[in-house]
$ cat query-v1.txt   # compact mmCIF, C-alpha atoms and all ligand atoms
# COMPACT_ATOMS: atom_id res chain seq x y z
CA MET A 427 18.79 -16.61 5.15
CA THR A 428 20.63 -13.69 6.76
CA GLU A 429 19.54 -12.13 10.02
CA SER A 430 18.65 -8.86 8.35
CA ARG A 431 16.37 -10.47 5.75
CA LEU A 432 12.89 -9.01 5.99
CA ARG A 433 10.38 -11.81 6.58
CA LEU A 434 7.09 -12.01 4.71
CA GLY A 435 4.08 -13.42 6.52
CA VAL A 436 1.22 -14.20 4.14
CA ASN A 437 -2.24 -13.76 5.64
CA ILE A 438 -4.68 -16.27 4.14
CA ASP A 439 -7.90 -15.05 5.84
CA HIS A 440 -9.52 -14.01 2.59
CA VAL A 441 -9.13 -17.40 0.96
CA ALA A 442 -11.53 -18.44 3.72
CA THR A 443 -13.74 -15.42 2.95
CA VAL A 444 -14.20 -16.70 -0.61
CA ARG A 445 -14.77 -20.26 0.59
CA ASN A 446 -17.37 -19.13 3.12
CA ALA A 447 -19.27 -17.18 0.47
CA ARG A 448 -20.55 -20.59 -0.71
CA GLY A 449 -20.38 -22.44 2.58
CA GLY A 450 -18.39 -25.40 1.22
CA ALA A 451 -14.75 -26.43 1.44
CA TYR A 452 -13.35 -24.67 -1.65
CA PRO A 453 -11.00 -22.83 -1.90
CA ASP A 454 -9.06 -24.37 0.97
CA PRO A 455 -6.93 -21.92 3.03
CA LEU A 456 -4.51 -24.71 3.91
CA ARG A 457 -3.81 -25.35 0.23
CA ALA A 458 -3.19 -21.61 -0.18
CA ALA A 459 -0.86 -21.67 2.82
CA LYS A 460 1.20 -24.52 1.33
CA LEU A 461 1.37 -22.67 -1.98
CA ALA A 462 2.46 -19.52 -0.15
CA GLU A 463 5.20 -21.51 1.59
CA ALA A 464 6.42 -22.79 -1.78
CA ALA A 465 6.38 -19.22 -3.15
CA GLY A 466 8.70 -18.07 -0.38
CA ALA A 467 6.46 -16.99 2.49
CA ASP A 468 8.43 -17.06 5.74
CA GLY A 469 5.28 -17.55 7.77
CA ILE A 470 1.51 -17.87 7.52
CA THR A 471 -0.84 -15.56 9.36
CA ALA A 472 -4.48 -16.35 10.13
CA HIS A 473 -6.99 -14.41 12.22
CA LEU A 474 -9.63 -16.43 14.02
CA ARG A 475 -12.31 -13.84 14.62
CA GLU A 476 -14.91 -14.14 17.33
CA ASP A 477 -17.66 -14.35 14.68
CA ARG A 478 -15.66 -16.86 12.53
CA ARG A 479 -16.41 -14.81 9.42
CA HIS A 480 -13.41 -16.22 7.56
CA ILE A 481 -10.93 -18.53 9.28
CA SER A 482 -12.53 -21.39 11.22
CA ASP A 483 -11.38 -23.39 14.22
CA ALA A 484 -10.75 -26.34 11.88
CA ASP A 485 -8.55 -24.13 9.67
CA ILE A 486 -6.39 -23.24 12.66
CA GLU A 487 -6.12 -26.87 13.62
CA GLY A 488 -5.10 -27.81 10.07
CA LEU A 489 -2.56 -25.00 9.82
CA ALA A 490 -1.05 -25.79 13.22
CA GLU A 491 -0.56 -29.41 12.14
CA ALA A 492 0.51 -29.09 8.54
CA LEU A 493 2.65 -25.98 8.10
CA SER A 494 6.41 -26.17 7.69
CA VAL A 495 6.81 -22.42 8.31
CA PRO A 496 5.76 -20.63 11.52
CA LEU A 497 2.09 -19.90 12.15
CA ASN A 498 1.24 -16.41 13.36
CA PHE A 499 -2.15 -16.73 15.07
CA GLU A 500 -4.03 -13.43 15.21
CA MET A 501 -6.64 -13.16 17.91
CA ALA A 502 -8.50 -10.84 20.21
CA ALA A 503 -7.58 -10.75 23.91
CA THR A 504 -10.44 -12.98 25.04
CA ASP A 505 -10.49 -16.07 27.24
CA GLU A 506 -11.87 -18.17 24.38
CA MET A 507 -8.99 -17.24 22.05
CA GLN A 508 -6.40 -17.65 24.77
CA ALA A 509 -7.60 -21.22 25.36
CA ILE A 510 -7.38 -22.00 21.62
CA ALA A 511 -3.86 -20.54 21.43
CA LEU A 512 -2.75 -22.53 24.45
CA ARG A 513 -4.12 -25.70 22.85
CA HIS A 514 -2.21 -25.24 19.58
CA LYS A 515 0.81 -23.31 20.84
CA PRO A 516 1.52 -21.52 17.53
CA HIS A 517 4.95 -20.00 16.94
CA ALA A 518 3.50 -16.51 17.38
CA VAL A 519 0.35 -14.94 18.72
CA CYS A 520 -0.58 -11.47 17.55
CA ILE A 521 -3.13 -9.74 19.77
CA VAL A 522 -5.44 -7.46 17.81
CA PRO A 523 -8.41 -5.32 18.79
CA GLU A 524 -11.66 -6.70 17.46
CA LYS A 525 -15.07 -5.17 17.01
CA ARG A 526 -17.88 -7.22 15.57
CA GLU A 527 -19.15 -4.45 13.33
CA GLU A 528 -15.82 -3.59 11.70
CA ARG A 529 -14.96 -4.83 8.21
CA THR A 530 -11.30 -5.32 9.13
CA THR A 531 -9.02 -4.52 12.06
CA GLU A 532 -9.51 -0.77 12.05
CA GLY A 533 -7.19 0.52 14.72
CA GLY A 534 -4.39 -0.60 16.96
CA LEU A 535 -4.71 -2.21 20.34
CA GLU A 536 -5.17 0.08 23.37
CA VAL A 537 -2.27 -1.20 25.47
CA ALA A 538 -1.57 1.81 27.69
CA GLN A 539 -5.07 1.92 29.18
CA ASP A 540 -5.40 -1.84 29.55
CA GLU A 541 -1.89 -2.54 30.75
CA ALA A 542 -2.55 -4.69 33.82
CA ARG A 543 -5.14 -6.90 32.10
CA LEU A 544 -2.98 -7.40 29.00
CA ALA A 545 0.10 -8.19 31.09
CA GLY A 546 -1.87 -10.97 32.79
CA PHE A 547 -3.35 -12.09 29.49
CA ILE A 548 -0.08 -12.54 27.62
CA ALA A 549 1.89 -14.15 30.47
CA PRO A 550 0.51 -17.72 29.96
CA LEU A 551 1.00 -17.40 26.20
CA ARG A 552 4.63 -16.47 26.70
CA ASP A 553 5.04 -19.27 29.25
CA ALA A 554 3.68 -21.69 26.63
CA GLY A 555 6.47 -20.63 24.27
CA CYS A 556 4.48 -18.38 21.90
CA ARG A 557 6.10 -15.15 20.72
CA VAL A 558 3.60 -12.50 21.71
CA SER A 559 3.06 -9.59 19.37
CA LEU A 560 0.76 -6.62 19.93
CA PHE A 561 -0.84 -4.90 16.93
CA ILE A 562 -0.63 -1.16 17.67
CA GLY A 563 -0.61 2.23 16.05
CA ALA A 564 2.61 4.24 15.70
CA ASP A 565 2.07 5.80 19.08
CA ARG A 566 4.74 6.27 21.76
CA PRO A 567 2.59 5.53 24.86
CA GLN A 568 1.35 2.27 23.30
CA ILE A 569 4.88 1.17 22.43
CA GLU A 570 6.23 2.01 25.88
CA ALA A 571 3.35 0.09 27.46
CA ALA A 572 4.00 -2.90 25.16
CA ALA A 573 7.61 -3.01 26.36
CA ARG A 574 6.56 -2.69 30.02
CA ILE A 575 4.15 -5.63 29.89
CA GLY A 576 6.72 -7.98 28.37
CA ALA A 577 5.59 -8.32 24.75
CA GLU A 578 8.44 -9.51 22.54
CA VAL A 579 7.10 -8.02 19.33
CA ILE A 580 4.95 -5.14 18.19
CA GLU A 581 3.27 -5.04 14.80
CA LEU A 582 2.78 -1.48 13.62
CA HIS A 583 -0.55 -0.76 11.91
CA THR A 584 0.18 0.57 8.41
CA GLY A 585 -3.50 1.07 7.53
CA ALA A 586 -3.56 4.86 7.92
CA TYR A 587 -0.42 5.23 5.78
CA CYS A 588 -1.95 3.04 3.06
CA ASP A 589 -5.28 4.92 3.19
CA PHE A 590 -3.55 8.30 2.82
CA HIS A 591 -1.55 6.88 -0.08
CA ALA A 592 -4.70 5.60 -1.81
CA GLU A 593 -6.43 8.97 -1.33
CA GLY A 594 -3.44 10.84 -2.79
CA ARG A 595 -2.91 12.77 0.45
CA VAL A 596 0.83 13.13 0.03
CA ALA A 597 1.60 15.25 3.11
CA ALA A 598 -0.46 13.06 5.45
CA CYS A 599 1.10 9.97 3.91
CA ASP A 600 4.64 11.30 4.45
CA GLU A 601 3.80 12.34 8.01
CA GLU A 602 2.46 8.89 8.86
CA LEU A 603 5.49 7.28 7.26
CA ALA A 604 7.80 9.44 9.37
CA ARG A 605 5.82 8.47 12.48
CA LEU A 606 6.09 4.78 11.59
CA ARG A 607 9.85 5.15 11.07
CA ASP A 608 10.41 7.02 14.35
CA MET A 609 8.29 4.59 16.32
CA SER A 610 10.12 1.61 14.78
CA THR A 611 13.35 3.12 16.06
CA LEU A 612 11.85 3.75 19.50
CA ALA A 613 10.46 0.22 19.76
CA THR A 614 13.79 -1.33 18.78
CA SER A 615 15.58 0.79 21.39
CA LEU A 616 13.18 -0.64 24.00
CA GLY A 617 14.10 -4.20 22.99
CA LEU A 618 10.95 -4.92 20.97
CA GLU A 619 11.07 -6.65 17.58
CA VAL A 620 9.14 -4.62 15.02
CA HIS A 621 6.72 -6.03 12.47
CA ALA A 622 4.30 -4.08 10.28
CA GLY A 623 1.20 -4.68 8.26
CA HIS A 624 -2.31 -3.87 7.13
CA GLY A 625 -3.36 -2.61 3.73
CA LEU A 626 0.08 -3.02 2.12
CA THR A 627 0.21 -3.30 -1.67
CA TYR A 628 2.91 -3.29 -4.36
CA ASP A 629 2.64 0.51 -4.33
CA THR A 630 3.02 0.99 -0.58
CA VAL A 631 5.30 -1.81 0.57
CA GLN A 632 8.71 -0.41 -0.30
CA PRO A 633 8.96 2.61 2.04
CA ILE A 634 8.02 0.34 4.96
CA ALA A 635 10.30 -2.50 3.82
CA ALA A 636 13.17 -0.01 3.72
CA PHE A 637 13.02 0.63 7.49
CA PRO A 638 15.95 -1.40 8.82
CA GLU A 639 14.20 -1.94 12.17
CA VAL A 640 11.23 -3.70 10.61
CA ARG A 641 11.82 -7.45 10.64
CA GLU A 642 8.56 -8.83 9.24
CA LEU A 643 5.63 -7.71 7.12
CA ASN A 644 2.23 -9.39 7.27
CA ILE A 645 0.25 -9.01 4.08
CA GLY A 646 -3.05 -10.58 3.10
CA HIS A 647 -5.94 -8.87 1.34
CA PHE A 648 -3.93 -7.41 -1.52
CA LEU A 649 -2.07 -10.66 -2.22
CA ILE A 650 -5.26 -12.75 -2.28
CA GLY A 651 -6.86 -10.15 -4.55
CA GLU A 652 -3.84 -10.04 -6.83
CA ALA A 653 -3.89 -13.85 -7.00
CA ILE A 654 -7.13 -13.55 -9.01
CA PHE A 655 -5.23 -11.76 -11.74
CA ARG A 656 -1.80 -13.39 -11.76
CA GLY A 657 -2.04 -16.44 -9.49
CA LEU A 658 -0.98 -16.71 -5.85
CA ASP A 659 2.58 -17.88 -6.50
CA PRO A 660 3.55 -14.99 -8.83
CA ALA A 661 1.66 -12.50 -6.64
CA ILE A 662 3.74 -13.49 -3.60
CA ARG A 663 7.00 -13.65 -5.57
CA GLU A 664 6.48 -10.10 -6.83
CA MET A 665 5.87 -8.85 -3.27
CA ARG A 666 9.04 -10.65 -2.16
CA ARG A 667 10.99 -9.06 -5.01
CA LEU A 668 9.79 -5.56 -4.08
CA MET A 669 10.66 -6.13 -0.43
CA ASP A 670 14.15 -7.34 -1.31
CA GLU A 671 14.65 -4.42 -3.69
CA ALA A 672 13.63 -1.92 -1.00
CA ARG A 673 15.88 -3.59 1.55
CA ALA A 674 18.88 -3.48 -0.78
N1 LIG B 1 -1.53 -7.57 10.42
C1 LIG B 1 -2.60 -7.63 11.24
C2 LIG B 1 -2.37 -7.60 12.70
C3 LIG B 1 -3.91 -7.72 10.72
O1 LIG B 1 -4.96 -7.76 11.54
C4 LIG B 1 -4.07 -7.80 9.32
C5 LIG B 1 -5.44 -7.96 8.75
O2 LIG B 1 -6.02 -9.13 9.18
C6 LIG B 1 -2.93 -7.78 8.51
C7 LIG B 1 -1.67 -7.64 9.09
C8 LIG B 1 -3.00 -7.90 7.03
O3 LIG B 1 -3.70 -6.85 6.49
P1 LIG B 1 -4.11 -6.92 4.96
O4 LIG B 1 -5.03 -8.08 4.82
O5 LIG B 1 -4.79 -5.61 4.74
O6 LIG B 1 -2.86 -7.09 4.18
$ encode --input "query-v1.txt" --output "structure tokens"
Amino acid sequence: MTESRLRLGVNIDHVATVRNARGGAYPDPLRAAKLAEAAGADGITAHLREDRRHISDADIEGLAEALSVPLNFEMAATDEMQAIALRHKPHAVCIVPEKREERTTEGGLEVAQDEARLAGFIAPLRDAGCRVSLFIGADRPQIEAAARIGAEVIELHTGAYCDFHAEGRVAACDEELARLRDMSTLATSLGLEVHAGHGLTYDTVQPIAAFPEVRELNIGHFLIGEAIFRGLDPAIREMRRLMDEARA
């Protein structure tokens, strides 16, 4: 694996969504994670939400124990989640904003206005050896604040770009893409590693994968949906192929 290879993190939250629809143990997110590993995922991402609507505490425990690839633990900046992260010490912790009423993570984290609290919040996670990532919009003040508080990674929120694409709003889509590209360059110049994700599909992944500064993509909902039609292994392999093609 070369240094410039773009990593793919597969988010398995929505395997748990389907499981929880019936309240039993099937389908098992850990089984999906192992399958994703075998299909070429470079990491597994799971978001333990405050309301436990998909991933459970037991899922995190199982993933932390059984994965061969790095676990990227997504969580809100709360004391409860910090304690769980410090117990499992995952490879990476991605701090996301979280509102109970939202269907998914709707916006980026407000770092600039919460700088002192977040600096204190991430320090023990870093001390425990976790790579700390902040999920933010393509916004200069947020990126500069992320660098100031000592985050190692930012994950840029690609949701707006994907929404504009889906709505056929070409100019808005191009504008957001340009903002994502410029902010990737800025973040790299400030010493931050750049990841990206949210809402990515086969149709939207390539322009983002082509940014040389972006080192990792985290993709979930589309891949789990596509797995219904073609199976999880081929769904992931096709995403990998498109990423590699864009990178070349
Ligand atoms: N990155 C982060 C930080 C997220 O919160 C999510 C959604 O949980 C994703 C990536 C993946 O988004 P999607 O499921 O839309 O691919």
$ closest_residue --input "query-v1.txt" --among "A:Pro550, A:Pro523, A:Gly466, A:Gly450" --to "ligand LIG 1 (chain B)" --atoms "only C-alpha atoms and all ligand atoms"
A:Pro523
$ atom_distance --input "query-v1.txt" --atom1 "CA of Val495 (chain A)" --atom2 "CA of Asn437 (chain A)"
12.8 Å
$ closest_residue --input "query-v1.txt" --among "A:Gly617, A:Pro455, A:Gly435, A:Pro633" --to "ligand LIG 1 (chain B)" --atoms "all atoms listed in the file"
A:Gly435
$ residues_near_ligand --input "query-v1.txt" --ligand "ligand LIG 1 (chain B)" --cutoff "6 Å" --atoms "all atoms listed in the file" --output "PDB file with C-alpha atoms, keeping the file's coordinate frame"
ATOM      1  CA  VAL A 522      -5.440  -7.460  17.810  1.00  0.00           C
ATOM      2  CA  THR A 531      -9.020  -4.520  12.060  1.00  0.00           C
ATOM      3  CA  PHE A 561      -0.840  -4.900  16.930  1.00  0.00           C
ATOM      4  CA  GLY A 623       1.200  -4.680   8.260  1.00  0.00           C
ATOM      5  CA  HIS A 624      -2.310  -3.870   7.130  1.00  0.00           C
ATOM      6  CA  GLY A 625      -3.360  -2.610   3.730  1.00  0.00           C
ATOM      7  CA  LEU A 626       0.080  -3.020   2.120  1.00  0.00           C
ATOM      8  CA  ASN A 644       2.230  -9.390   7.270  1.00  0.00           C
ATOM      9  CA  ILE A 645       0.250  -9.010   4.080  1.00  0.00           C
ATOM     10  CA  GLY A 646      -3.050 -10.580   3.100  1.00  0.00           C
ATOM     11  CA  HIS A 647      -5.940  -8.870   1.340  1.00  0.00           C
ATOM     12  CA  PHE A 648      -3.930  -7.410  -1.520  1.00  0.00           C
TER      13      PHE A 648
END
$ residues_around --input "query-v1.txt" --residues "Gly533 (chain A)" --least-positions-apart "6" --cutoff "8 Å" --atoms "all atoms listed in the file" --output "MDAnalysis selection string"
chainID A and resid 523 562:563 583
$ write_last_selection --input "query-v1.txt" --atoms "C-alpha atoms" --output "tab-separated table (two decimals), in the frame of the given file"
chain	number	residue	atom	x	y	z
A	523	PRO	CA	-8.41	-5.32	18.79
A	562	ILE	CA	-0.63	-1.16	17.67
A	563	GLY	CA	-0.61	2.23	16.05
A	583	HIS	CA	-0.55	-0.76	11.91
$ residues_around --input "query-v1.txt" --residues "region 501-514 of chain A" --least-positions-apart "6" --cutoff "9 Å" --atoms "only C-alpha atoms" --output "PyMOL selection string"
chain A and resi 472-476+483+486-487+490-491+520-524+544+547-548+550-551+554+556
$ residues_around --input "query-v1.txt" --residues "region 601-606 of chain A" --least-positions-apart "4" --cutoff "8 Å" --atoms "only C-alpha atoms" --output "list in words"
Ala564, Leu582, Thr584, Ala586, Tyr587, Ala597, Ser610, Pro633 and Ile634 of chain A
$ write_last_selection --input "query-v1.txt" --atoms "C-alpha atoms" --output "CSV table (one decimal), in the coordinates of the input"
chain,number,residue,atom,x,y,z
A,564,ALA,CA,2.6,4.2,15.7
A,582,LEU,CA,2.8,-1.5,13.6
A,584,THR,CA,0.2,0.6,8.4
A,586,ALA,CA,-3.6,4.9,7.9
A,587,TYR,CA,-0.4,5.2,5.8
A,597,ALA,CA,1.6,15.2,3.1
A,610,SER,CA,10.1,1.6,14.8
A,633,PRO,CA,9.0,2.6,2.0
A,634,ILE,CA,8.0,0.3,5.0
$ closest_residue --input "query-v1.txt" --among "A:Ala572, A:Ile662, A:Ala518, A:Leu432" --to "Glu541 (chain A)" --atoms "all atoms listed in the file"
A:Ala572
$ closest_residue --input "query-v1.txt" --among "A:Met665, A:Ala598, A:Val620, A:Leu497" --to "Glu581 (chain A)" --atoms "all atoms listed in the file"
A:Val620
$ closest_residue --input "query-v1.txt" --among "A:Ala459, A:Ala674, A:Ala549, A:Val537" --to "Glu570 (chain A)" --atoms "only C-alpha atoms"
A:Val537
$ closest_residue --input "query-v1.txt" --among "A:Ala636, A:Ala467, A:Ala542, A:Leu493" --to "Ala571 (chain A)" --atoms "all atoms listed in the file"
A:Ala542
$ axis_aligned_box --input "query-v1.txt" --around "region 534-540 of chain A" --padding-each-side "6 Å" --output "AutoDock Vina command-line options"
--center_x -3.5 --center_y -0.1 --center_z 23.3 --size_x 15.8 --size_y 16.1 --size_z 24.6
$ atom_distance --input "query-v1.txt" --atom1 "CA of Gly555 (chain A)" --atom2 "CA of Ala484 (chain A)"
22.0 Å
$ atom_distance --input "query-v1.txt" --atom1 "CA of Asp540 (chain A)" --atom2 "CA of Ala573 (chain A)"
13.4 Å
$ build_atoms --input "query-v1.txt" --residues "region 605-616 of chain A" --atoms "all heavy atoms" --output "short mmCIF file (atom, residue, chain, number, x, y, z; two decimals), keeping the file's coordinate frame"
data_model
loop_
_atom_site.label_atom_id
_atom_site.label_comp_id
_atom_site.auth_asym_id
_atom_site.auth_seq_id
_atom_site.Cartn_x
_atom_site.Cartn_y
_atom_site.Cartn_z
N ARG A 605 6.19 8.96 11.15
CA ARG A 605 5.82 8.47 12.48
C ARG A 605 6.13 6.97 12.60
O ARG A 605 6.66 6.52 13.62
CB ARG A 605 4.32 8.71 12.68
CG ARG A 605 3.93 8.82 14.13
CD ARG A 605 2.48 9.18 14.42
NE ARG A 605 1.62 9.42 13.31
CZ ARG A 605 1.23 10.64 12.90
NH1 ARG A 605 1.66 11.71 13.52
NH2 ARG A 605 0.40 10.77 11.88
N LEU A 606 5.82 6.22 11.57
CA LEU A 606 6.09 4.78 11.59
C LEU A 606 7.60 4.51 11.72
O LEU A 606 8.03 3.65 12.49
CB LEU A 606 5.55 4.11 10.32
CG LEU A 606 4.02 3.96 10.26
CD1 LEU A 606 3.54 3.73 8.83
CD2 LEU A 606 3.54 2.81 11.15
N ARG A 607 8.39 5.34 11.01
CA ARG A 607 9.85 5.15 11.07
C ARG A 607 10.37 5.47 12.47
O ARG A 607 11.12 4.71 13.06
CB ARG A 607 10.53 6.04 10.03
CG ARG A 607 12.01 5.73 9.85
CD ARG A 607 12.69 6.78 8.99
NE ARG A 607 12.42 8.12 9.51
CZ ARG A 607 11.99 9.15 8.79
NH1 ARG A 607 11.79 9.02 7.50
NH2 ARG A 607 11.76 10.32 9.35
N ASP A 608 9.94 6.62 13.02
CA ASP A 608 10.41 7.02 14.35
C ASP A 608 9.99 6.01 15.41
O ASP A 608 10.75 5.70 16.33
CB ASP A 608 9.85 8.40 14.72
CG ASP A 608 10.44 9.50 13.84
OD1 ASP A 608 11.41 9.22 13.11
OD2 ASP A 608 9.91 10.63 13.87
N MET A 609 8.77 5.52 15.30
CA MET A 609 8.29 4.59 16.32
C MET A 609 8.94 3.20 16.17
O MET A 609 9.09 2.50 17.16
CB MET A 609 6.75 4.49 16.27
CG MET A 609 6.06 5.78 16.74
SD MET A 609 6.53 6.30 18.42
CE MET A 609 7.55 7.73 18.10
N SER A 610 9.35 2.86 14.95
CA SER A 610 10.12 1.61 14.78
C SER A 610 11.45 1.72 15.51
O SER A 610 11.90 0.78 16.16
CB SER A 610 10.42 1.35 13.30
OG SER A 610 9.26 1.27 12.56
N THR A 611 12.06 2.90 15.39
CA THR A 611 13.35 3.12 16.06
C THR A 611 13.16 3.08 17.58
O THR A 611 13.94 2.45 18.30
CB THR A 611 13.92 4.50 15.64
OG1 THR A 611 13.95 4.54 14.21
CG2 THR A 611 15.31 4.72 16.18
N LEU A 612 12.12 3.75 18.06
CA LEU A 612 11.85 3.75 19.50
C LEU A 612 11.64 2.32 20.01
O LEU A 612 12.23 1.91 21.02
CB LEU A 612 10.60 4.60 19.81
CG LEU A 612 10.09 4.48 21.25
CD1 LEU A 612 11.04 5.19 22.22
CD2 LEU A 612 8.68 5.03 21.39
N ALA A 613 10.79 1.57 19.30
CA ALA A 613 10.46 0.22 19.76
C ALA A 613 11.72 -0.65 19.81
O ALA A 613 11.93 -1.39 20.78
CB ALA A 613 9.42 -0.40 18.83
N THR A 614 12.56 -0.54 18.80
CA THR A 614 13.79 -1.33 18.78
C THR A 614 14.68 -0.95 19.96
O THR A 614 15.28 -1.82 20.61
CB THR A 614 14.53 -1.12 17.44
OG1 THR A 614 13.63 -1.44 16.38
CG2 THR A 614 15.75 -2.00 17.32
N SER A 615 14.73 0.34 20.26
CA SER A 615 15.58 0.79 21.39
C SER A 615 15.05 0.26 22.72
O SER A 615 15.80 0.15 23.69
CB SER A 615 15.67 2.32 21.42
OG SER A 615 14.47 2.87 21.93
N LEU A 616 13.77 -0.09 22.77
CA LEU A 616 13.18 -0.64 24.00
C LEU A 616 13.25 -2.17 24.02
O LEU A 616 12.69 -2.81 24.90
CB LEU A 616 11.72 -0.19 24.13
CG LEU A 616 11.49 1.32 24.30
CD1 LEU A 616 9.99 1.64 24.28
CD2 LEU A 616 12.13 1.82 25.59
#
